$ cat input28.csv   # CSV, C-alpha atoms
chain,number,residue,atom,x,y,z
U,1274,MET,CA,0.0,0.0,0.0
U,1275,SER,CA,1.4,3.3,-1.0
U,1276,SER,CA,1.2,6.5,1.1
U,1277,ARG,CA,1.5,8.8,-1.9
U,1278,ALA,CA,-1.3,11.2,-2.4
U,1279,PRO,CA,-3.5,10.2,-5.3
U,1280,LEU,CA,-2.8,12.0,-8.5
U,1281,LEU,CA,-5.9,13.7,-10.0
U,1282,GLU,CA,-7.1,13.9,-13.6
U,1283,SER,CA,-6.1,17.0,-15.6
U,1284,SER,CA,-9.6,18.4,-15.0
U,1285,PRO,CA,-11.7,17.5,-11.9
U,1286,PRO,CA,-14.6,15.2,-12.5
U,1287,ASP,CA,-18.1,16.7,-12.6
U,1288,PRO,CA,-20.1,15.6,-9.5
U,1289,PHE,CA,-23.3,16.0,-11.5
U,1290,THR,CA,-22.5,12.9,-13.5
U,1291,HIS,CA,-23.2,11.0,-10.3
U,1292,GLU,CA,-26.6,10.0,-8.9
U,1293,GLN,CA,-25.8,11.2,-5.4
U,1294,VAL,CA,-22.8,12.7,-3.5
U,1295,ALA,CA,-23.2,12.9,0.3
U,1296,PHE,CA,-21.0,14.8,2.8
U,1297,CYS,CA,-20.7,14.2,6.5
U,1298,HIS,CA,-18.9,16.2,9.2
U,1299,ASP,CA,-19.2,14.9,12.8
U,1300,PRO,CA,-17.4,17.5,15.0
U,1301,GLU,CA,-17.5,15.2,18.1
U,1302,THR,CA,-15.4,12.5,16.5
U,1303,GLY,CA,-13.6,14.5,13.8
U,1304,LEU,CA,-15.2,12.5,11.0
U,1305,ARG,CA,-15.0,14.2,7.6
U,1306,SER,CA,-16.3,11.8,5.0
U,1307,ILE,CA,-17.8,11.8,1.5
U,1308,ILE,CA,-19.9,9.0,-0.1
U,1309,ALA,CA,-20.4,9.1,-3.9
U,1310,LEU,CA,-22.9,6.9,-5.8
U,1311,TYR,CA,-22.2,6.9,-9.5
U,1312,SER,CA,-25.0,4.6,-10.6
U,1313,THR,CA,-27.4,2.3,-8.8
U,1314,ALA,CA,-29.0,0.9,-12.0
U,1315,LEU,CA,-27.7,-2.6,-11.3
U,1316,GLY,CA,-28.4,-2.4,-7.5
U,1317,PRO,CA,-27.0,-0.8,-4.4
U,1318,GLY,CA,-23.6,0.9,-4.8
U,1319,LEU,CA,-20.8,-1.3,-3.4
U,1320,GLY,CA,-17.3,-0.2,-2.8
U,1321,GLY,CA,-14.7,0.4,-0.1
U,1322,VAL,CA,-13.9,3.4,2.1
U,1323,ARG,CA,-10.5,5.0,1.7
U,1324,PHE,CA,-9.1,6.6,4.8
U,1325,PHE,CA,-6.4,8.9,3.6
U,1326,PRO,CA,-4.7,12.3,4.5
U,1327,TYR,CA,-5.9,14.2,1.5
U,1328,ALA,CA,-4.3,17.6,1.0
U,1329,SER,CA,-7.7,19.2,0.6
U,1330,ALA,CA,-11.4,18.5,0.5
U,1331,ASP,CA,-11.3,19.1,-3.3
U,1332,ASP,CA,-8.7,16.3,-3.6
U,1333,ALA,CA,-10.9,14.0,-1.6
U,1334,LEU,CA,-13.9,14.8,-3.7
U,1335,ALA,CA,-12.1,14.2,-6.9
U,1336,ASP,CA,-10.8,10.9,-5.7
U,1337,VAL,CA,-14.2,9.6,-4.5
U,1338,LEU,CA,-15.9,10.6,-7.7
U,1339,ASN,CA,-13.3,8.8,-9.8
U,1340,LEU,CA,-13.3,5.8,-7.6
U,1341,SER,CA,-17.1,5.4,-7.4
U,1342,ARG,CA,-17.3,5.7,-11.2
U,1343,GLY,CA,-14.6,3.0,-11.5
U,1344,MET,CA,-16.6,0.8,-9.1
U,1345,ALA,CA,-19.7,1.1,-11.3
U,1346,TYR,CA,-17.7,-0.3,-14.3
U,1347,LYS,CA,-16.0,-2.9,-12.1
U,1348,ASN,CA,-19.2,-4.3,-10.7
U,1349,ALA,CA,-20.9,-4.3,-14.1
U,1350,VAL,CA,-18.1,-6.2,-15.8
U,1351,ALA,CA,-17.9,-8.6,-12.8
U,1352,GLY,CA,-21.6,-9.5,-13.4
U,1353,LEU,CA,-22.6,-8.3,-9.9
U,1354,ASP,CA,-26.0,-6.9,-9.1
U,1355,HIS,CA,-24.4,-3.8,-7.7
U,1356,GLY,CA,-23.8,-0.2,-8.8
U,1357,GLY,CA,-20.8,2.0,-8.2
U,1358,GLY,CA,-20.3,3.5,-4.8
U,1359,LYS,CA,-17.2,4.6,-2.9
U,1360,ALA,CA,-16.4,6.5,0.3
U,1361,VAL,CA,-13.5,8.5,1.6
U,1362,ILE,CA,-12.5,9.6,5.1
U,1363,ILE,CA,-10.2,12.6,5.3
U,1364,GLY,CA,-7.4,12.0,7.8
U,1365,ASP,CA,-4.4,10.0,8.8
U,1366,PRO,CA,-5.6,6.5,9.7
U,1367,ARG,CA,-2.6,6.0,12.0
U,1368,ARG,CA,-3.5,9.1,14.0
U,1369,ASP,CA,-7.1,9.8,13.5
U,1370,LYS,CA,-8.8,6.4,13.4
U,1371,THR,CA,-10.8,5.7,16.5
U,1372,PRO,CA,-13.8,3.4,17.3
U,1373,GLU,CA,-15.9,6.5,17.8
U,1374,LEU,CA,-15.0,7.9,14.4
U,1375,LEU,CA,-15.7,4.5,12.7
U,1376,HIS,CA,-19.1,4.4,14.5
U,1377,ALA,CA,-19.9,7.8,13.2
U,1378,TYR,CA,-18.9,6.7,9.7
U,1379,GLY,CA,-21.2,3.7,10.1
U,1380,ARG,CA,-24.1,6.0,11.0
U,1381,PHE,CA,-23.4,8.0,7.9
U,1382,VAL,CA,-23.6,4.8,5.8
U,1383,GLU,CA,-26.8,3.8,7.5
U,1384,SER,CA,-28.3,7.2,6.7
U,1385,LEU,CA,-28.4,6.3,3.0
U,1386,SER,CA,-30.8,3.4,3.9
U,1387,GLY,CA,-28.9,0.7,1.9
U,1388,ARG,CA,-28.2,2.7,-1.3
U,1389,TYR,CA,-24.5,2.3,-0.4
U,1390,VAL,CA,-22.7,-0.8,1.0
U,1391,THR,CA,-19.3,-0.2,2.4
U,1392,ALA,CA,-16.2,-2.3,2.6
U,1393,ALA,CA,-12.4,-1.9,3.3
U,1394,ASP,CA,-10.0,0.0,1.1
U,1395,VAL,CA,-6.7,1.8,1.5
U,1396,GLY,CA,-6.3,2.7,5.2
U,1397,THR,CA,-9.2,0.5,6.4
U,1398,TYR,CA,-9.1,-3.2,7.4
U,1399,VAL,CA,-11.3,-6.1,8.4
U,1400,ALA,CA,-11.2,-5.1,12.0
U,1401,ASP,CA,-12.4,-1.6,11.1
U,1402,MET,CA,-15.4,-3.1,9.2
U,1403,ASP,CA,-16.3,-5.0,12.3
U,1404,VAL,CA,-16.5,-1.7,14.2
U,1405,VAL,CA,-18.4,0.0,11.4
U,1406,SER,CA,-20.9,-2.8,11.3
U,1407,GLU,CA,-21.9,-2.0,14.9
U,1408,THR,CA,-23.7,1.1,13.7
U,1409,THR,CA,-24.8,0.1,10.2
U,1410,ARG,CA,-26.4,-3.0,8.5
U,1411,PHE,CA,-24.5,-2.2,5.3
U,1412,ALA,CA,-20.9,-3.1,6.0
U,1413,THR,CA,-19.1,-6.0,4.3
U,1414,GLY,CA,-15.6,-7.3,4.5
U,1415,ARG,CA,-16.1,-8.1,8.2
U,1416,SER,CA,-14.1,-10.8,10.0
U,1417,GLU,CA,-15.2,-14.4,9.7
U,1418,SER,CA,-16.1,-14.4,13.4
U,1419,ARG,CA,-18.6,-11.7,12.6
U,1420,GLY,CA,-20.1,-13.7,9.7
U,1421,GLY,CA,-18.0,-11.8,7.1
U,1422,ALA,CA,-15.7,-12.7,4.2
U,1423,GLY,CA,-12.5,-11.6,5.9
U,1424,ASP,CA,-9.7,-9.9,4.1
U,1425,SER,CA,-10.8,-9.1,0.5
U,1426,SER,CA,-7.2,-8.8,-0.7
U,1427,VAL,CA,-7.2,-12.6,-0.9
U,1428,LEU,CA,-9.4,-12.8,-4.0
U,1429,THR,CA,-8.3,-9.4,-5.3
U,1430,ALA,CA,-4.8,-10.8,-5.7
U,1431,TYR,CA,-6.2,-14.1,-7.1
U,1432,GLY,CA,-8.2,-12.2,-9.7
U,1433,VAL,CA,-5.3,-10.1,-10.7
U,1434,PHE,CA,-3.3,-13.3,-11.1
U,1435,GLN,CA,-6.0,-14.7,-13.3
U,1436,GLY,CA,-6.1,-11.5,-15.4
U,1437,MET,CA,-2.3,-11.7,-15.7
U,1438,ARG,CA,-2.5,-15.3,-16.9
U,1439,ALA,CA,-5.2,-14.3,-19.5
U,1440,ALA,CA,-2.9,-11.4,-20.8
U,1441,ALA,CA,0.0,-13.9,-21.0
U,1442,ALA,CA,-2.2,-16.3,-23.0
U,1443,HIS,CA,-3.2,-13.5,-25.3
U,1444,ARG,CA,0.3,-12.1,-25.8
U,1445,TRP,CA,2.5,-15.2,-25.7
U,1446,GLY,CA,0.1,-18.1,-26.4
U,1447,SER,CA,0.3,-19.7,-22.9
U,1448,PRO,CA,-1.2,-18.6,-19.5
U,1449,SER,CA,1.9,-19.7,-17.6
U,1450,LEU,CA,4.1,-17.0,-16.1
U,1451,ALA,CA,7.0,-19.4,-15.4
U,1452,GLY,CA,10.3,-17.7,-16.3
U,1453,LYS,CA,8.6,-14.3,-16.8
U,1454,ARG,CA,9.9,-11.3,-15.0
U,1455,VAL,CA,7.1,-9.4,-13.2
U,1456,GLY,CA,7.6,-6.0,-11.5
U,1457,ILE,CA,5.2,-5.3,-8.7
U,1458,SER,CA,4.9,-1.7,-7.5
U,1459,GLY,CA,3.3,-1.8,-4.0
U,1460,VAL,CA,3.5,-4.9,-1.9
U,1461,GLY,CA,0.8,-4.1,0.7
U,1462,LYS,CA,-2.3,-6.2,1.2
U,1463,VAL,CA,-2.7,-7.2,-2.4
U,1464,GLY,CA,0.8,-7.0,-3.8
U,1465,ARG,CA,2.2,-9.3,-1.1
U,1466,ARG,CA,-0.3,-12.0,-2.0
U,1467,LEU,CA,0.3,-11.5,-5.7
U,1468,VAL,CA,4.0,-12.1,-5.1
U,1469,GLU,CA,3.1,-15.5,-3.5
U,1470,LEU,CA,1.0,-16.5,-6.4
U,1471,LEU,CA,3.6,-15.5,-9.0
U,1472,ARG,CA,6.4,-17.3,-7.1
U,1473,GLY,CA,4.2,-20.3,-7.0
U,1474,ASP,CA,4.0,-20.2,-10.8
U,1475,ASP,CA,7.8,-19.9,-11.0
U,1476,ALA,CA,7.8,-16.3,-12.1
U,1477,SER,CA,10.8,-14.0,-11.3
U,1478,VAL,CA,9.6,-11.0,-9.2
U,1479,VAL,CA,11.0,-7.5,-8.7
U,1480,VAL,CA,9.3,-5.3,-6.2
U,1481,CYS,CA,9.2,-1.8,-4.7
U,1482,ASP,CA,7.2,0.0,-2.0
U,1483,VAL,CA,7.4,3.2,-0.1
U,1484,SER,CA,7.2,1.1,3.1
U,1485,PRO,CA,10.5,-0.7,4.1
U,1486,GLU,CA,8.4,-2.9,6.4
U,1487,ALA,CA,6.2,-4.1,3.5
U,1488,VAL,CA,9.3,-5.0,1.5
U,1489,ALA,CA,10.9,-6.7,4.4
U,1490,ALA,CA,7.8,-8.8,4.9
U,1491,VAL,CA,7.9,-10.0,1.3
U,1492,ARG,CA,11.6,-10.7,1.4
U,1493,SER,CA,11.3,-12.7,4.6
U,1494,SER,CA,8.9,-15.1,2.8
U,1495,HIS,CA,10.5,-14.9,-0.6
U,1496,PRO,CA,14.3,-14.2,-0.3
U,1497,SER,CA,14.8,-14.5,-4.1
U,1498,VAL,CA,12.6,-11.5,-4.8
U,1499,GLU,CA,14.6,-8.5,-6.2
U,1500,VAL,CA,14.0,-5.1,-4.7
U,1501,VAL,CA,14.4,-1.7,-6.4
U,1502,PRO,CA,14.1,1.7,-4.7
U,1503,ASP,CA,11.0,3.1,-6.3
U,1504,ALA,CA,8.4,2.8,-9.0
U,1505,GLU,CA,10.4,5.1,-11.3
U,1506,THR,CA,13.3,2.7,-11.2
U,1507,LEU,CA,11.0,-0.3,-11.6
U,1508,THR,CA,9.4,1.0,-14.7
U,1509,GLY,CA,12.8,1.6,-16.3
U,1510,VAL,CA,14.1,-2.0,-15.9
U,1511,PRO,CA,13.3,-4.8,-18.5
U,1512,LEU,CA,10.2,-6.6,-17.4
U,1513,ASP,CA,7.7,-9.0,-19.0
U,1514,VAL,CA,4.8,-7.7,-16.9
U,1515,TYR,CA,4.5,-4.5,-14.9
U,1516,SER,CA,1.9,-4.7,-12.1
U,1517,PRO,CA,0.9,-1.4,-10.4
U,1518,ASN,CA,-0.7,-2.2,-7.0
U,1519,ALA,CA,-0.6,1.1,-5.1
U,1520,MET,CA,-2.5,4.3,-5.6
U,1521,GLY,CA,-4.1,5.3,-8.9
U,1522,HIS,CA,-3.0,7.1,-12.0
U,1523,ALA,CA,0.3,5.1,-12.1
U,1524,LEU,CA,0.3,5.2,-16.0
U,1525,ASP,CA,1.0,8.8,-16.9
U,1526,ASP,CA,2.8,9.8,-20.1
U,1527,ASP,CA,6.3,9.7,-18.6
U,1528,THR,CA,5.8,6.3,-17.0
U,1529,VAL,CA,4.4,4.8,-20.2
U,1530,GLU,CA,7.3,6.2,-22.3
U,1531,ARG,CA,9.8,4.8,-19.8
U,1532,LEU,CA,8.1,1.4,-19.3
U,1533,GLN,CA,10.0,-1.6,-20.5
U,1534,ALA,CA,7.3,-4.3,-20.2
U,1535,GLU,CA,5.0,-6.1,-22.7
U,1536,ILE,CA,2.0,-6.3,-20.4
U,1537,VAL,CA,0.5,-4.1,-17.7
U,1538,CYS,CA,-1.7,-5.9,-15.2
U,1539,GLY,CA,-2.3,-4.7,-11.6
U,1540,ALA,CA,-4.7,-4.2,-8.8
U,1541,ALA,CA,-4.5,-0.4,-8.5
U,1542,ASN,CA,-7.7,1.5,-9.3
U,1543,ASN,CA,-7.8,4.2,-12.0
U,1544,GLN,CA,-4.4,3.4,-13.4
U,1545,LEU,CA,-4.7,5.5,-16.6
U,1546,ALA,CA,-3.7,9.0,-15.8
U,1547,VAL,CA,-5.7,10.3,-18.8
U,1548,GLU,CA,-8.7,8.4,-20.0
U,1549,GLY,CA,-10.4,8.3,-23.3
U,1550,PRO,CA,-9.2,9.1,-26.9
U,1551,GLY,CA,-5.7,10.4,-26.9
U,1552,GLY,CA,-5.1,9.3,-23.4
U,1553,SER,CA,-2.9,6.8,-21.6
U,1554,GLY,CA,-4.6,3.8,-23.1
U,1555,ASP,CA,-3.8,5.1,-26.6
U,1556,LEU,CA,-0.2,5.7,-25.7
U,1557,LEU,CA,0.2,2.1,-24.3
U,1558,GLU,CA,-1.4,0.8,-27.5
U,1559,LYS,CA,1.1,2.8,-29.7
U,1560,ARG,CA,4.0,1.4,-27.7
U,1561,GLY,CA,2.7,-2.1,-28.2
U,1562,ILE,CA,2.1,-2.7,-24.5
U,1563,LEU,CA,-0.9,-4.8,-23.7
U,1564,TYR,CA,-3.0,-3.3,-20.9
U,1565,ALA,CA,-5.3,-5.5,-18.9
U,1566,PRO,CA,-7.9,-3.0,-17.7
U,1567,ASP,CA,-7.7,-2.5,-14.0
U,1568,PHE,CA,-11.4,-2.7,-13.1
U,1569,VAL,CA,-11.6,-6.0,-15.0
U,1570,VAL,CA,-8.7,-7.8,-13.3
U,1571,ASN,CA,-9.0,-6.3,-9.8
U,1572,SER,CA,-12.7,-7.2,-9.2
U,1573,GLY,CA,-11.9,-10.3,-7.1
U,1574,GLY,CA,-12.2,-8.3,-3.9
U,1575,VAL,CA,-15.6,-6.9,-4.6
U,1576,ILE,CA,-16.7,-10.4,-5.7
U,1577,GLN,CA,-15.6,-11.6,-2.3
U,1578,VAL,CA,-17.4,-9.0,-0.3
U,1579,ALA,CA,-20.5,-9.1,-2.4
U,1580,ASP,CA,-20.8,-12.8,-1.7
U,1581,GLU,CA,-20.9,-12.0,2.0
U,1582,LEU,CA,-24.4,-10.4,1.4
U,1583,HIS,CA,-25.7,-13.9,0.5
U,1584,GLY,CA,-24.1,-15.9,3.4
U,1585,PHE,CA,-20.4,-16.0,2.6
U,1586,ASP,CA,-19.1,-19.1,0.9
U,1587,PHE,CA,-15.4,-18.8,0.0
U,1588,GLU,CA,-15.3,-21.5,-2.6
U,1589,ARG,CA,-18.3,-20.1,-4.4
U,1590,ALA,CA,-16.6,-16.6,-4.4
U,1591,ARG,CA,-13.3,-18.1,-5.5
U,1592,GLN,CA,-14.9,-19.9,-8.4
U,1593,ARG,CA,-16.6,-16.6,-9.5
U,1594,ALA,CA,-13.3,-14.8,-9.2
U,1595,ALA,CA,-11.6,-17.4,-11.4
U,1596,GLY,CA,-13.9,-16.2,-14.1
U,1597,ILE,CA,-11.8,-13.0,-14.3
U,1598,TYR,CA,-9.5,-15.1,-16.6
U,1599,ASP,CA,-12.3,-15.6,-19.2
U,1600,THR,CA,-13.6,-12.0,-18.8
U,1601,THR,CA,-10.1,-10.5,-19.3
U,1602,LEU,CA,-9.4,-12.7,-22.3
U,1603,ALA,CA,-12.7,-11.8,-23.9
U,1604,VAL,CA,-12.0,-8.0,-23.4
U,1605,LEU,CA,-8.5,-8.4,-25.0
U,1606,ARG,CA,-9.9,-10.3,-27.9
U,1607,GLU,CA,-12.7,-7.9,-28.4
U,1608,ALA,CA,-10.3,-5.0,-28.5
U,1609,ALA,CA,-8.2,-6.7,-31.1
U,1610,ALA,CA,-11.2,-7.6,-33.2
U,1611,ARG,CA,-12.7,-4.1,-33.1
U,1612,GLY,CA,-9.4,-2.2,-33.5
U,1613,VAL,CA,-9.8,-0.3,-30.2
U,1614,THR,CA,-7.8,0.0,-27.0
U,1615,THR,CA,-8.4,-2.6,-24.3
U,1616,ALA,CA,-9.6,0.2,-22.0
U,1617,ALA,CA,-12.3,1.2,-24.6
U,1618,ALA,CA,-13.4,-2.5,-25.0
U,1619,ALA,CA,-13.7,-2.9,-21.3
U,1620,ASP,CA,-15.7,0.3,-20.9
U,1621,HIS,CA,-18.0,-0.7,-23.7
U,1622,LEU,CA,-18.8,-4.0,-21.9
U,1623,ALA,CA,-19.6,-2.2,-18.7
U,1624,GLU,CA,-21.6,0.5,-20.3
U,1625,GLU,CA,-23.8,-2.1,-22.2
U,1626,ARG,CA,-24.7,-3.8,-19.0
U,1627,ILE,CA,-25.5,-0.6,-17.1
U,1628,ALA,CA,-27.5,0.8,-20.0
U,1629,ALA,CA,-29.5,-2.5,-20.2
U,1630,ALA,CA,-30.5,-2.0,-16.5
U,1631,THR,CA,-31.2,1.7,-16.8
U,1632,PRO,CA,-35.0,2.6,-17.0
U,1633,GLY,CA,-35.7,3.3,-20.7
U,1634,GLY,CA,-32.4,1.6,-21.7
U,1635,VAL,CA,-30.6,5.0,-21.9
U,1636,TRP,CA,-27.5,5.8,-20.0
U,1637,LEU,CA,-24.9,8.3,-20.9
U,1638,PRO,CA,-21.3,7.3,-20.1
U,1639,VAL,CA,-18.7,10.0,-19.3
U,1640,ARG,CA,-15.5,8.0,-19.4
U,1641,GLY,CA,-15.0,8.9,-23.0
U,1642,GLY,CA,-13.4,5.6,-24.1
$ encode --input "input28.csv" --output "structure tokens"
Amino acid sequence: MSSRAPLLESSPPDPFTHEQVAFCHDPETGLRSIIALYSTALGPGLGGVRFFPYASADDALADVLNLSRGMAYKNAVAGLDHGGGKAVIIGDPRRDKTPELLHAYGRFVESLSGRYVTAADVGTYVADMDVVSETTRFATGRSESRGGAGDSSVLTAYGVFQGMRAAAAHRWGSPSLAGKRVGISGVGKVGRRLVELLRGDDASVVVCDVSPEAVAAVRSSHPSVEVVPDAETLTGVPLDVYSPNAMGHALDDDTVERLQAEIVCGAANNQLAVEGPGGSGDLLEKRGILYAPDFVVNSGGVIQVADELHGFDFERARQRAAGIYDTTLAVLREAAARGVTTAAAADHLAEERIAAATPGGVWLPVRGG
């Protein structure tokens, strides 16, 4: 998990593209939170809550708008009966997180009467969802002892691994990653598990993270893993696969121009710094780099927590997350067949499903892919 501030799009997103944006300030606990619902055409918005020390309320708003929009597309492509929702809490989780604040956040979620279902994200964990669930019925990602699905990073990493296998099959004709060199930027909750899966497939792994503790934890389990100082260094070394697993907008122009990898496939949300025609997806395409769209491959976590709403069954959720392989392969093949970027093909798949569920069958996308 990265502690870098999220990079924002060149122009802030328009909140009026969303169904609902709600703000909460609880002076007693210090809670400052925003919940954004992009679309509930497919069902209640489902997405995690990010607890982060944003530089400003405007930065927090831009992030939650981008993230909730991404969740709408992710849930649609994953085949879930959920719309796109996301929440942010402004503050340093190491300093500001208290049971009282999490209870206040739970009451905020409850005030939306089920239109938004929360889960964990950057800065929040299973134990936090247990506390949040004490004041709302609409919290997932709880511990197994509380009837929950536990740590959603388990199936997030598994889904990214399946997406990576699909990209390998599309590019090299085999889903095996044995002998491939994979660079992982961010070895927090998801990246650490992804290292384990890749090493189990005999891939060579190179990592970086802003947290020395995170790197040390990976090296203690996998001493053969290479370490480089930072993401800038990592993107400049020869790789077969580059996997961004920290904060969003990892694929800006400079990074894409520097990147020495044939495939990009990672768990980070909103990886393309500039979306739509002429954006980061086009630049990757021009350089011959195959991009496995983030919201397609990183949907394992939301599949896991969504299953919790139906009485959690890990094997059932794992089997559904295994389908990320087929979905990713279908998107990559569709992009090749239509002569469009993989990002545009994935957007189209999501938009078709949302439009079909929208009253009147009309829904106007704003991603511009």
$ atom_distance --input "input28.csv" --atom1 "atom CA of U:Thr1408" --atom2 "atom CA of U:Gly1379"
5.1 Å
$ residues_around --input "input28.csv" --residues "stretch 1289-1304 of chain U" --least-positions-apart "6" --cutoff "12 Å" --atoms "all atoms listed in the file" --output "PyMOL selection string"
chain U and resi 1310-1314+1317-1318+1324+1330+1333-1335+1337-1343+1345+1356-1366+1368-1382+1384-1385+1388-1389+1636-1640
$ write_last_selection --input "input28.csv" --atoms "C-alpha atoms" --output "PDB file, in the coordinates of the input"
ATOM      1  CA  LEU U1310     -22.900   6.900  -5.800  1.00  0.00           C
ATOM      2  CA  TYR U1311     -22.200   6.900  -9.500  1.00  0.00           C
ATOM      3  CA  SER U1312     -25.000   4.600 -10.600  1.00  0.00           C
ATOM      4  CA  THR U1313     -27.400   2.300  -8.800  1.00  0.00           C
ATOM      5  CA  ALA U1314     -29.000   0.900 -12.000  1.00  0.00           C
ATOM      6  CA  PRO U1317     -27.000  -0.800  -4.400  1.00  0.00           C
ATOM      7  CA  GLY U1318     -23.600   0.900  -4.800  1.00  0.00           C
ATOM      8  CA  PHE U1324      -9.100   6.600   4.800  1.00  0.00           C
ATOM      9  CA  ALA U1330     -11.400  18.500   0.500  1.00  0.00           C
ATOM     10  CA  ALA U1333     -10.900  14.000  -1.600  1.00  0.00           C
ATOM     11  CA  LEU U1334     -13.900  14.800  -3.700  1.00  0.00           C
ATOM     12  CA  ALA U1335     -12.100  14.200  -6.900  1.00  0.00           C
ATOM     13  CA  VAL U1337     -14.200   9.600  -4.500  1.00  0.00           C
ATOM     14  CA  LEU U1338     -15.900  10.600  -7.700  1.00  0.00           C
ATOM     15  CA  ASN U1339     -13.300   8.800  -9.800  1.00  0.00           C
ATOM     16  CA  LEU U1340     -13.300   5.800  -7.600  1.00  0.00           C
ATOM     17  CA  SER U1341     -17.100   5.400  -7.400  1.00  0.00           C
ATOM     18  CA  ARG U1342     -17.300   5.700 -11.200  1.00  0.00           C
ATOM     19  CA  GLY U1343     -14.600   3.000 -11.500  1.00  0.00           C
ATOM     20  CA  ALA U1345     -19.700   1.100 -11.300  1.00  0.00           C
ATOM     21  CA  GLY U1356     -23.800  -0.200  -8.800  1.00  0.00           C
ATOM     22  CA  GLY U1357     -20.800   2.000  -8.200  1.00  0.00           C
ATOM     23  CA  GLY U1358     -20.300   3.500  -4.800  1.00  0.00           C
ATOM     24  CA  LYS U1359     -17.200   4.600  -2.900  1.00  0.00           C
ATOM     25  CA  ALA U1360     -16.400   6.500   0.300  1.00  0.00           C
ATOM     26  CA  VAL U1361     -13.500   8.500   1.600  1.00  0.00           C
ATOM     27  CA  ILE U1362     -12.500   9.600   5.100  1.00  0.00           C
ATOM     28  CA  ILE U1363     -10.200  12.600   5.300  1.00  0.00           C
ATOM     29  CA  GLY U1364      -7.400  12.000   7.800  1.00  0.00           C
ATOM     30  CA  ASP U1365      -4.400  10.000   8.800  1.00  0.00           C
ATOM     31  CA  PRO U1366      -5.600   6.500   9.700  1.00  0.00           C
ATOM     32  CA  ARG U1368      -3.500   9.100  14.000  1.00  0.00           C
ATOM     33  CA  ASP U1369      -7.100   9.800  13.500  1.00  0.00           C
ATOM     34  CA  LYS U1370      -8.800   6.400  13.400  1.00  0.00           C
ATOM     35  CA  THR U1371     -10.800   5.700  16.500  1.00  0.00           C
ATOM     36  CA  PRO U1372     -13.800   3.400  17.300  1.00  0.00           C
ATOM     37  CA  GLU U1373     -15.900   6.500  17.800  1.00  0.00           C
ATOM     38  CA  LEU U1374     -15.000   7.900  14.400  1.00  0.00           C
ATOM     39  CA  LEU U1375     -15.700   4.500  12.700  1.00  0.00           C
ATOM     40  CA  HIS U1376     -19.100   4.400  14.500  1.00  0.00           C
ATOM     41  CA  ALA U1377     -19.900   7.800  13.200  1.00  0.00           C
ATOM     42  CA  TYR U1378     -18.900   6.700   9.700  1.00  0.00           C
ATOM     43  CA  GLY U1379     -21.200   3.700  10.100  1.00  0.00           C
ATOM     44  CA  ARG U1380     -24.100   6.000  11.000  1.00  0.00           C
ATOM     45  CA  PHE U1381     -23.400   8.000   7.900  1.00  0.00           C
ATOM     46  CA  VAL U1382     -23.600   4.800   5.800  1.00  0.00           C
ATOM     47  CA  SER U1384     -28.300   7.200   6.700  1.00  0.00           C
ATOM     48  CA  LEU U1385     -28.400   6.300   3.000  1.00  0.00           C
ATOM     49  CA  ARG U1388     -28.200   2.700  -1.300  1.00  0.00           C
ATOM     50  CA  TYR U1389     -24.500   2.300  -0.400  1.00  0.00           C
ATOM     51  CA  TRP U1636     -27.500   5.800 -20.000  1.00  0.00           C
ATOM     52  CA  LEU U1637     -24.900   8.300 -20.900  1.00  0.00           C
ATOM     53  CA  PRO U1638     -21.300   7.300 -20.100  1.00  0.00           C
ATOM     54  CA  VAL U1639     -18.700  10.000 -19.300  1.00  0.00           C
ATOM     55  CA  ARG U1640     -15.500   8.000 -19.400  1.00  0.00           C
TER      56      ARG U1640
END
$ closest_atom_pairs --input "input28.csv" --of "stretch 1310-1355 of chain U" --to "stretch 1607-1625 of chain U" --cutoff "8 Å" --atoms "all atoms listed in the file" --output "tab-separated table"
residue	atom	partner	partner_atom	distance
U:Tyr1346	CA	U:Ala1623	CA	5.2
U:Lys1347	CA	U:Ala1623	CA	7.6
U:Ala1349	CA	U:Ala1623	CA	5.2
U:Val1350	CA	U:Ala1623	CA	5.2
$ atom_distance --input "input28.csv" --atom1 "atom CA of U:Arg1415" --atom2 "atom CA of U:Gly1387"
16.8 Å
$ closest_atom_pairs --input "input28.csv" --of "stretch 1485-1506 of chain U" --to "stretch 1527-1535 of chain U" --cutoff "12 Å" --atoms "all atoms listed in the file" --output "tab-separated table"
residue	atom	partner	partner_atom	distance
U:Ala1504	CA	U:Thr1528	CA	9.1
U:Glu1505	CA	U:Thr1528	CA	7.4
U:Thr1506	CA	U:Arg1531	CA	9.5
$ residues_around --input "input28.csv" --residues "U:Asn1571" --least-positions-apart "6" --cutoff "9 Å" --atoms "only C-alpha atoms" --output "list in words"
Lys1347, Leu1428, Thr1429, Ala1430, Tyr1431, Gly1432, Val1433, Gly1436, Gly1539, Ala1540, Ala1541, Asn1542 and Ile1597 of chain U
$ atom_distance --input "input28.csv" --atom1 "atom CA of U:Ile1457" --atom2 "atom CA of U:Ser1493"
16.4 Å
$ closest_residue --input "input28.csv" --among "U:Phe1585, U:Arg1323, U:Asp1482, U:Met1437" --to "U:Arg1419" --atoms "all atoms listed in the file"
U:Phe1585
$ residues_around --input "input28.csv" --residues "U:Gly1421" --least-positions-apart "4" --cutoff "10 Å" --atoms "only C-alpha atoms" --output "list in words"
Val1399, Met1402, Asp1403, Ala1412, Thr1413, Gly1414, Arg1415, Ser1416, Glu1417, Gln1577, Val1578, Asp1580, Glu1581, Leu1582, Gly1584, Phe1585 and Asp1586 of chain U
$ axis_aligned_box --input "input28.csv" --around "stretch 1392-1407 of chain U" --padding-each-side "4 Å" --output "AutoDock Vina command-line options"
--center_x -14.1 --center_y -1.7 --center_z 8.0 --size_x 23.6 --size_y 16.8 --size_z 21.8
$ closest_residue --input "input28.csv" --among "U:Ala1422, U:Leu1319, U:Ala1476, U:Pro1485" --to "U:Glu1588" --atoms "all atoms listed in the file"
U:Ala1422
